[in-house]
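Colleague: One file is attached below, start.tsv, containing TSV, C-alpha atoms (C1' of nucleotides).
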```
chain	number	residue	atom	x	y	z
A	14	MET	CA	-39.98	-96.92	9.08
A	15	SER	CA	-36.84	-98.80	10.08
A	16	ASP	CA	-34.78	-96.87	12.62
A	17	THR	CA	-31.26	-98.20	12.91
A	18	SER	CA	-30.13	-95.62	15.42
A	19	GLU	CA	-30.20	-98.14	18.21
A	20	ASP	CA	-31.07	-101.78	18.75
A	21	PRO	CA	-29.62	-103.24	21.94
A	22	SER	CA	-32.76	-105.35	21.82
A	23	ARG	CA	-30.83	-108.47	20.91
A	24	PRO	CA	-28.79	-109.49	23.93
A	25	VAL	CA	-29.05	-113.11	22.90
A	26	TYR	CA	-26.90	-112.50	19.88
A	27	ALA	CA	-24.46	-110.00	21.22
A	28	ARG	CA	-22.25	-113.02	20.59
A	29	LEU	CA	-22.75	-116.59	19.57
A	30	PRO	CA	-22.07	-119.34	22.10
A	31	SER	CA	-18.43	-120.42	22.02
A	32	ASP	CA	-19.16	-124.11	22.25
A	33	GLU	CA	-21.91	-126.71	22.21
A	34	ALA	CA	-22.30	-126.83	25.95
A	35	GLU	CA	-22.90	-123.11	26.13
A	36	ALA	CA	-25.38	-123.28	23.24
A	37	VAL	CA	-27.33	-126.03	24.97
A	38	ALA	CA	-27.35	-124.05	28.21
A	39	MET	CA	-28.72	-121.02	26.38
A	40	GLN	CA	-31.49	-123.06	24.81
A	41	THR	CA	-32.41	-124.70	28.07
A	42	GLU	CA	-32.72	-121.34	29.76
A	43	LEU	CA	-34.59	-119.61	26.96
A	44	ALA	CA	-36.98	-122.54	26.52
A	45	GLY	CA	-38.84	-121.25	29.56
A	46	CYS	CA	-39.76	-118.06	27.67
A	47	VAL	CA	-41.89	-119.77	25.03
A	48	VAL	CA	-45.57	-118.86	25.20
A	49	VAL	CA	-48.07	-121.36	23.83
A	50	ALA	CA	-51.22	-119.25	23.45
A	51	ASP	CA	-52.74	-117.28	20.60
A	52	ASP	CA	-52.40	-113.52	20.52
A	53	ASP	CA	-55.50	-111.34	20.44
A	54	ARG	CA	-54.31	-109.60	17.31
A	55	PRO	CA	-55.51	-111.15	14.06
A	56	VAL	CA	-52.96	-112.62	11.66
A	57	ASP	CA	-53.22	-110.79	8.36
A	58	THR	CA	-49.61	-110.87	7.18
A	59	ILE	CA	-47.16	-113.75	7.38
A	60	ALA	CA	-43.43	-113.80	6.77
A	61	GLY	CA	-41.69	-116.88	5.42
A	62	LEU	CA	-37.98	-117.26	6.22
A	63	ASP	CA	-35.22	-119.31	4.66
A	64	ILE	CA	-31.50	-119.48	3.96
A	65	ALA	CA	-29.88	-120.82	0.80
A	66	TYR	CA	-26.23	-121.86	0.87
A	67	ASP	CA	-23.78	-121.71	-2.01
A	68	LYS	CA	-22.45	-125.09	-3.00
A	69	HIS	CA	-18.75	-124.44	-2.84
A	70	SER	CA	-18.22	-121.11	-1.16
A	71	ASP	CA	-19.40	-120.26	2.34
A	72	ALA	CA	-21.81	-117.67	0.99
A	73	ALA	CA	-25.32	-117.75	2.34
A	74	VAL	CA	-28.45	-115.83	1.34
A	75	ALA	CA	-31.14	-115.22	3.92
A	76	THR	CA	-34.59	-114.24	2.71
A	77	ALA	CA	-37.78	-112.99	4.31
A	78	VAL	CA	-40.97	-112.73	2.26
A	79	VAL	CA	-44.14	-111.19	3.63
A	80	LEU	CA	-47.42	-112.45	2.22
A	81	ARG	CA	-50.89	-111.10	2.71
A	82	ARG	CA	-52.95	-113.89	4.23
A	83	GLU	CA	-56.07	-113.06	2.27
A	84	ASP	CA	-54.67	-113.88	-1.16
A	85	ARG	CA	-51.07	-114.82	-0.44
A	86	ALA	CA	-49.83	-111.88	-2.49
A	87	VAL	CA	-46.27	-110.76	-1.82
A	88	LEU	CA	-46.31	-107.49	0.12
A	89	ASP	CA	-42.64	-107.20	0.85
A	90	SER	CA	-39.38	-109.10	0.75
A	91	ALA	CA	-35.80	-108.73	1.85
A	92	VAL	CA	-32.59	-110.48	0.87
A	93	VAL	CA	-29.30	-110.35	2.70
A	94	ARG	CA	-26.05	-112.05	1.81
A	95	GLY	CA	-23.60	-113.18	4.43
A	96	VAL	CA	-21.74	-116.04	6.04
A	97	SER	CA	-22.76	-118.29	8.91
A	98	ASP	CA	-20.38	-118.16	11.83
A	99	PHE	CA	-21.69	-121.33	13.38
A	100	PRO	CA	-21.63	-124.85	11.90
A	101	TYR	CA	-24.68	-127.01	11.40
A	102	ILE	CA	-25.06	-129.19	14.45
A	103	PRO	CA	-28.26	-131.18	14.93
A	104	GLY	CA	-30.28	-129.47	17.63
A	105	LEU	CA	-28.37	-126.20	17.30
A	106	LEU	CA	-29.61	-124.98	13.91
A	107	ALA	CA	-30.78	-121.67	15.34
A	108	PHE	CA	-27.26	-120.57	16.18
A	109	ARG	CA	-26.30	-121.09	12.56
A	110	GLU	CA	-29.28	-119.42	10.93
A	111	LEU	CA	-30.81	-116.89	13.30
A	112	PRO	CA	-28.23	-114.10	12.95
A	113	LEU	CA	-28.68	-113.93	9.19
A	114	LEU	CA	-32.45	-114.32	9.37
A	115	LEU	CA	-32.67	-111.44	11.83
A	116	ARG	CA	-30.74	-109.25	9.42
A	117	ALA	CA	-33.18	-110.10	6.64
A	118	ILE	CA	-36.12	-109.34	8.91
A	119	GLU	CA	-34.63	-105.99	9.87
A	120	ALA	CA	-34.47	-105.11	6.19
A	121	LEU	CA	-38.23	-105.55	5.78
A	122	ALA	CA	-40.37	-102.46	5.46
A	123	VAL	CA	-43.46	-104.33	6.61
A	124	THR	CA	-43.65	-105.89	10.07
A	125	PRO	CA	-45.51	-109.22	9.69
A	126	ASP	CA	-48.02	-110.52	12.22
A	127	LEU	CA	-46.38	-113.95	12.28
A	128	TYR	CA	-43.22	-115.71	11.17
A	129	VAL	CA	-42.95	-119.17	9.60
A	130	CYS	CA	-39.56	-120.84	9.94
A	131	ASP	CA	-37.97	-123.73	8.11
A	132	GLY	CA	-37.39	-126.22	10.91
A	133	TYR	CA	-38.59	-127.16	14.38
A	134	GLY	CA	-40.34	-125.16	17.04
A	135	LEU	CA	-41.22	-127.15	20.18
A	136	THR	CA	-40.52	-130.35	18.25
A	137	HIS	CA	-36.95	-130.17	19.43
A	138	PRO	CA	-34.82	-132.16	21.89
A	139	ARG	CA	-34.91	-129.29	24.40
A	140	ARG	CA	-38.21	-127.83	23.22
A	141	PHE	CA	-36.47	-124.85	21.69
A	142	GLY	CA	-36.03	-125.16	17.96
A	143	LEU	CA	-35.33	-122.35	15.48
A	144	ALA	CA	-38.93	-121.12	15.44
A	145	CYS	CA	-39.00	-120.81	19.24
A	146	HIS	CA	-35.68	-119.04	19.27
A	147	LEU	CA	-36.76	-116.58	16.59
A	148	GLY	CA	-40.12	-115.99	18.23
A	149	VAL	CA	-38.66	-115.36	21.66
A	150	VAL	CA	-35.90	-113.08	20.39
A	151	LEU	CA	-38.39	-110.98	18.43
A	152	ASP	CA	-41.17	-111.54	20.95
A	153	ALA	CA	-43.46	-112.31	18.03
A	154	PRO	CA	-45.76	-115.17	16.97
A	155	ALA	CA	-43.80	-117.89	15.18
A	156	ILE	CA	-44.40	-121.36	13.76
A	157	GLY	CA	-41.92	-124.03	12.74
A	158	VAL	CA	-42.44	-126.21	9.65
A	159	ALA	CA	-39.94	-129.01	9.06
A	160	LYS	CA	-39.70	-131.27	6.03
A	161	ASN	CA	-38.23	-134.11	8.03
A	162	PRO	CA	-39.62	-135.80	11.14
A	163	PRO	CA	-38.00	-135.60	14.56
A	164	HIS	CA	-36.70	-138.74	16.22
A	165	LEU	CA	-39.89	-139.30	18.09
A	166	PRO	CA	-42.61	-141.84	17.46
A	167	VAL	CA	-44.75	-140.48	14.63
A	168	THR	CA	-47.93	-142.14	13.39
A	169	ALA	CA	-48.46	-141.43	9.71
A	170	PRO	CA	-51.57	-139.27	9.12
A	171	GLY	CA	-54.22	-140.31	6.61
A	172	PRO	CA	-53.45	-139.78	2.88
A	173	ARG	CA	-55.71	-136.81	2.32
A	174	ARG	CA	-54.92	-133.11	2.55
A	175	GLY	CA	-55.65	-131.83	6.04
A	176	GLU	CA	-55.26	-135.12	7.86
A	177	TRP	CA	-52.82	-135.03	10.74
A	178	THR	CA	-51.52	-136.82	13.81
A	179	ALA	CA	-50.12	-135.42	17.01
A	180	ILE	CA	-46.47	-135.88	17.91
A	181	SER	CA	-45.74	-136.34	21.57
A	182	ALA	CA	-42.67	-136.41	23.74
A	183	GLY	CA	-43.66	-138.12	26.94
A	184	GLU	CA	-46.90	-136.59	28.13
A	185	GLU	CA	-46.64	-133.39	26.14
A	186	THR	CA	-47.75	-132.75	22.59
A	187	VAL	CA	-44.89	-131.04	20.83
A	188	GLY	CA	-46.13	-130.86	17.27
A	189	CYS	CA	-47.96	-132.68	14.50
A	190	ALA	CA	-47.44	-134.42	11.19
A	191	LEU	CA	-49.67	-132.62	8.68
A	192	ARG	CA	-50.60	-133.75	5.18
A	193	THR	CA	-50.79	-130.51	3.19
A	194	GLN	CA	-51.69	-132.18	-0.14
A	195	ASP	CA	-53.26	-135.50	-1.09
A	196	GLY	CA	-50.71	-138.26	-1.22
A	197	VAL	CA	-47.60	-136.21	-0.47
A	198	LYS	CA	-45.27	-136.68	2.46
A	199	PRO	CA	-46.43	-134.77	5.51
A	200	VAL	CA	-44.69	-131.71	6.94
A	201	TYR	CA	-43.98	-131.41	10.65
A	202	VAL	CA	-45.59	-128.42	12.31
A	203	SER	CA	-44.83	-127.11	15.76
A	204	VAL	CA	-45.37	-123.99	17.82
A	205	GLY	CA	-42.55	-121.50	17.86
A	206	HIS	CA	-43.96	-118.79	20.10
A	207	ARG	CA	-47.20	-117.03	21.01
A	208	CYS	CA	-49.55	-119.39	19.22
A	209	THR	CA	-51.23	-122.76	19.79
A	210	LEU	CA	-50.60	-125.94	17.85
A	211	ASP	CA	-54.20	-125.98	16.59
A	212	THR	CA	-53.82	-122.50	15.18
A	213	ALA	CA	-50.41	-123.31	13.76
A	214	ARG	CA	-51.72	-126.41	12.03
A	215	GLU	CA	-54.77	-124.67	10.59
A	216	LEU	CA	-52.73	-121.72	9.42
A	217	ILE	CA	-50.09	-123.87	7.74
A	218	LEU	CA	-52.75	-125.90	5.94
A	219	GLU	CA	-54.41	-122.69	4.78
A	220	LEU	CA	-51.07	-121.39	3.55
A	221	ALA	CA	-50.41	-124.52	1.51
A	222	PRO	CA	-53.32	-124.58	-0.97
A	223	ASP	CA	-51.36	-125.92	-3.92
A	224	TYR	CA	-48.06	-127.39	-2.78
A	225	ARG	CA	-46.66	-129.46	0.04
A	226	ILE	CA	-44.56	-126.58	1.34
A	227	PRO	CA	-46.56	-123.60	2.65
A	228	GLU	CA	-46.34	-120.52	0.41
A	229	PRO	CA	-44.42	-118.23	2.77
A	230	ILE	CA	-41.52	-120.68	3.06
A	231	ARG	CA	-41.78	-121.65	-0.57
A	232	ALA	CA	-41.56	-118.04	-1.69
A	233	ALA	CA	-38.58	-117.38	0.58
A	234	ASP	CA	-36.87	-120.53	-0.66
A	235	GLN	CA	-37.31	-119.65	-4.32
A	236	LEU	CA	-36.17	-116.07	-3.84
A	237	GLY	CA	-33.06	-117.29	-2.06
A	238	ARG	CA	-32.02	-119.75	-4.76
A	239	ARG	CA	-32.64	-117.18	-7.47
A	240	ARG	CA	-30.46	-114.61	-5.79
A	241	LEU	CA	-27.79	-117.20	-5.11
A	242	ALA	CA	-27.70	-118.18	-8.78
A	243	GLU	CA	-27.58	-114.57	-9.99
A	244	ALA	CA	-24.85	-112.67	-8.21
B	29	DG	C1'	-28.43	-148.37	28.42
B	30	DC	C1'	-26.97	-145.78	24.06
B	31	DG	C1'	-27.86	-143.32	20.02
B	32	DA	C1'	-30.69	-141.29	16.42
B	33	DC	C1'	-32.70	-135.44	15.65
B	34	DA	C1'	-34.46	-129.54	11.46
B	35	DG	C1'	-31.11	-126.85	7.72
C	19	DA	C1'	-28.36	-127.27	3.03
C	20	DT	C1'	-26.07	-129.27	-1.51
C	21	DC	C1'	-24.71	-132.80	-5.45
C	22	DT	C1'	-28.56	-133.78	-10.09
C	23	DT	C1'	-32.18	-135.50	-15.78
C	24	DG	C1'	-35.31	-137.39	-17.27
C	25	DT	C1'	-39.52	-139.07	-16.57
C	26	DC	C1'	-44.15	-140.61	-14.94
C	27	DG	C1'	-48.64	-138.63	-14.10
C	28	DC	C1'	-52.72	-135.31	-13.92
```
Kindly transcribe the structure held in the file into structure tokens.
Modeller:
Amino acid sequence: MSDTSEDPSRPVYARLPSDEAEAVAMQTELAGCVVVADDDRPVDTIAGLDIAYDKHSDAAVATAVVLRREDRAVLDSAVVRGVSDFPYIPGLLAFRELPLLLRAIEALAVTPDLYVCDGYGLTHPRRFGLACHLGVVLDAPAIGVAKNPPHLPVTAPGPRRGEWTAISAGEETVGCALRTQDGVKPVYVSVGHRCTLDTARELILELAPDYRIPEPIRAADQLGRRRLAEA
DNA sequence: GCGACAG
DNA sequence: ATCTTGTCGC
């Protein structure tokens, strides 16, 4: 069902910003587009996204894996090899990863109801992490799940699966630390676009029944490393 | 006040 | 992200 005849629907990435200042300006402007509210449509399919990098070459493999929420079965997946044209700069991860992730998403045959990104959503210095950027560009529900905490005061949640604490920046709540398994380090969940933090937190917990990392991201991560090791 | 910030 | 084995525990 993918029609590649035309897609001027990505003005944001007609070109990458030429320097940090421009990137920051883009984020600051786009941050106003983020919607923090749940859609009416139910979430039945979720896509996990990730990028694996080769150790010595500049090769990168972006993966998108769509899982059925009901049983977390894999419904579809896409892999795309490429190179990042932007370096990793704290706070500007989206400019490094989004182009490749979008290509992987385009290669999917199934359009997921929601995307789960590896990294921050609103838990970002300018409230516009990778998950927000992806969500706004696709105008789709998105959630960010990071393995490391932001430089904000974070109170450790209780030791049991499901326990969590809110993460605030000033007066606003920008995310939460969520314990997805008993006794493991928490993951940091934040809204990317078109969903609420409560929904994001509940969904991520539901999607992580056996491991610390939620299944969508875990599946994408594993697929990426496999394909990187193969060819 | 300055600097620290996902992958 | 990536470099890296065995080992402790359920």
Colleague: Neighbours of A:Arg225 within 12 Å (only C-alpha atoms (C1' of nucleotides); same-chain residues fewer than 2 positions away dropped), as a list in words?
Modeller: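 Selected residues are Val158, Ala159, Lys160, Arg173, Arg174, Gly175, Leu191, Arg192, Thr193, Gln194, Asp195, Gly196, Val197, Lys198, Pro199, Val200, Tyr201, Ile217, Leu218, Glu219, Leu220, Ala221, Pro222, Asp223, Pro227, Glu228, Pro229, Ile230 and Arg231 of chain A.
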Colleague: Store the residues picked out above, limited to C-alpha atoms, as a PDB file, in the coordinates of the input.
Modeller:
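Below is the file that was written, selection.pdb:
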```
ATOM      1  CA  VAL A 158     -42.440-126.210   9.650  1.00  0.00           C
ATOM      2  CA  ALA A 159     -39.940-129.010   9.060  1.00  0.00           C
ATOM      3  CA  LYS A 160     -39.700-131.270   6.030  1.00  0.00           C
ATOM      4  CA  ARG A 173     -55.710-136.810   2.320  1.00  0.00           C
ATOM      5  CA  ARG A 174     -54.920-133.110   2.550  1.00  0.00           C
ATOM      6  CA  GLY A 175     -55.650-131.830   6.040  1.00  0.00           C
ATOM      7  CA  LEU A 191     -49.670-132.620   8.680  1.00  0.00           C
ATOM      8  CA  ARG A 192     -50.600-133.750   5.180  1.00  0.00           C
ATOM      9  CA  THR A 193     -50.790-130.510   3.190  1.00  0.00           C
ATOM     10  CA  GLN A 194     -51.690-132.180  -0.140  1.00  0.00           C
ATOM     11  CA  ASP A 195     -53.260-135.500  -1.090  1.00  0.00           C
ATOM     12  CA  GLY A 196     -50.710-138.260  -1.220  1.00  0.00           C
ATOM     13  CA  VAL A 197     -47.600-136.210  -0.470  1.00  0.00           C
ATOM     14  CA  LYS A 198     -45.270-136.680   2.460  1.00  0.00           C
ATOM     15  CA  PRO A 199     -46.430-134.770   5.510  1.00  0.00           C
ATOM     16  CA  VAL A 200     -44.690-131.710   6.940  1.00  0.00           C
ATOM     17  CA  TYR A 201     -43.980-131.410  10.650  1.00  0.00           C
ATOM     18  CA  ILE A 217     -50.090-123.870   7.740  1.00  0.00           C
ATOM     19  CA  LEU A 218     -52.750-125.900   5.940  1.00  0.00           C
ATOM     20  CA  GLU A 219     -54.410-122.690   4.780  1.00  0.00           C
ATOM     21  CA  LEU A 220     -51.070-121.390   3.550  1.00  0.00           C
ATOM     22  CA  ALA A 221     -50.410-124.520   1.510  1.00  0.00           C
ATOM     23  CA  PRO A 222     -53.320-124.580  -0.970  1.00  0.00           C
ATOM     24  CA  ASP A 223     -51.360-125.920  -3.920  1.00  0.00           C
ATOM     25  CA  PRO A 227     -46.560-123.600   2.650  1.00  0.00           C
ATOM     26  CA  GLU A 228     -46.340-120.520   0.410  1.00  0.00           C
ATOM     27  CA  PRO A 229     -44.420-118.230   2.770  1.00  0.00           C
ATOM     28  CA  ILE A 230     -41.520-120.680   3.060  1.00  0.00           C
ATOM     29  CA  ARG A 231     -41.780-121.650  -0.570  1.00  0.00           C
TER      30      ARG A 231
END
```
Colleague: Would you mind reading off the distance between atom C1' of B:DG35 and atom CA of A:Asp152, one decimal, in Å?
Modeller: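 Atom-to-atom, atom C1' of B:DG35 to atom CA of A:Asp152, that is 22.6 Å.
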Colleague: For chain A, which residues have at least one atom within 9 Å of chain B, if we go by all atoms listed in the file? Write them as a tab-separated table (two decimals) with C-alpha atoms, keeping the file's coordinate frame, please.
Modeller:
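And here's result.tsv as it stands now:
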```tsv
chain	number	residue	atom	x	y	z
A	64	ILE	CA	-31.50	-119.48	3.96
A	101	TYR	CA	-24.68	-127.01	11.40
A	103	PRO	CA	-28.26	-131.18	14.93
A	104	GLY	CA	-30.28	-129.47	17.63
A	106	LEU	CA	-29.61	-124.98	13.91
A	109	ARG	CA	-26.30	-121.09	12.56
A	110	GLU	CA	-29.28	-119.42	10.93
A	131	ASP	CA	-37.97	-123.73	8.11
A	132	GLY	CA	-37.39	-126.22	10.91
A	133	TYR	CA	-38.59	-127.16	14.38
A	137	HIS	CA	-36.95	-130.17	19.43
A	138	PRO	CA	-34.82	-132.16	21.89
A	142	GLY	CA	-36.03	-125.16	17.96
A	143	LEU	CA	-35.33	-122.35	15.48
A	158	VAL	CA	-42.44	-126.21	9.65
A	159	ALA	CA	-39.94	-129.01	9.06
A	160	LYS	CA	-39.70	-131.27	6.03
A	161	ASN	CA	-38.23	-134.11	8.03
A	162	PRO	CA	-39.62	-135.80	11.14
A	163	PRO	CA	-38.00	-135.60	14.56
A	164	HIS	CA	-36.70	-138.74	16.22
A	165	LEU	CA	-39.89	-139.30	18.09
```
Colleague: Could you tell me how far atom CA of A:Gly95 sits from atom CA of A:Ala244, in Å to one decimal place?
Modeller: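 Atom CA of A:Gly95 lies at a distance of 12.7 Å from atom CA of A:Ala244.
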Colleague: Quick check: residues of chain C within 10 Å of chain A, all atoms listed in the file, returned as a count of residues only.
Modeller: 3
Colleague: The centre and edge lengths of an axis-aligned box containing all atoms of stretch 47-63 of chain A present in the file, extended by 8 Å on each side, are to be given in Å to one decimal, as AutoDock Vina command-line options.
Modeller:
```
--center_x -45.4 --center_y -115.5 --center_z 14.9 --size_x 36.3 --size_y 27.8 --size_z 36.5
```
Colleague: Report the distance between atom CA of A:Arg54 and atom CA of A:Arg207 in Å, rounded to one decimal place.
Modeller: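 One can read the atom CA of A:Arg54 to atom CA of A:Arg207 distance as 10.9 Å.
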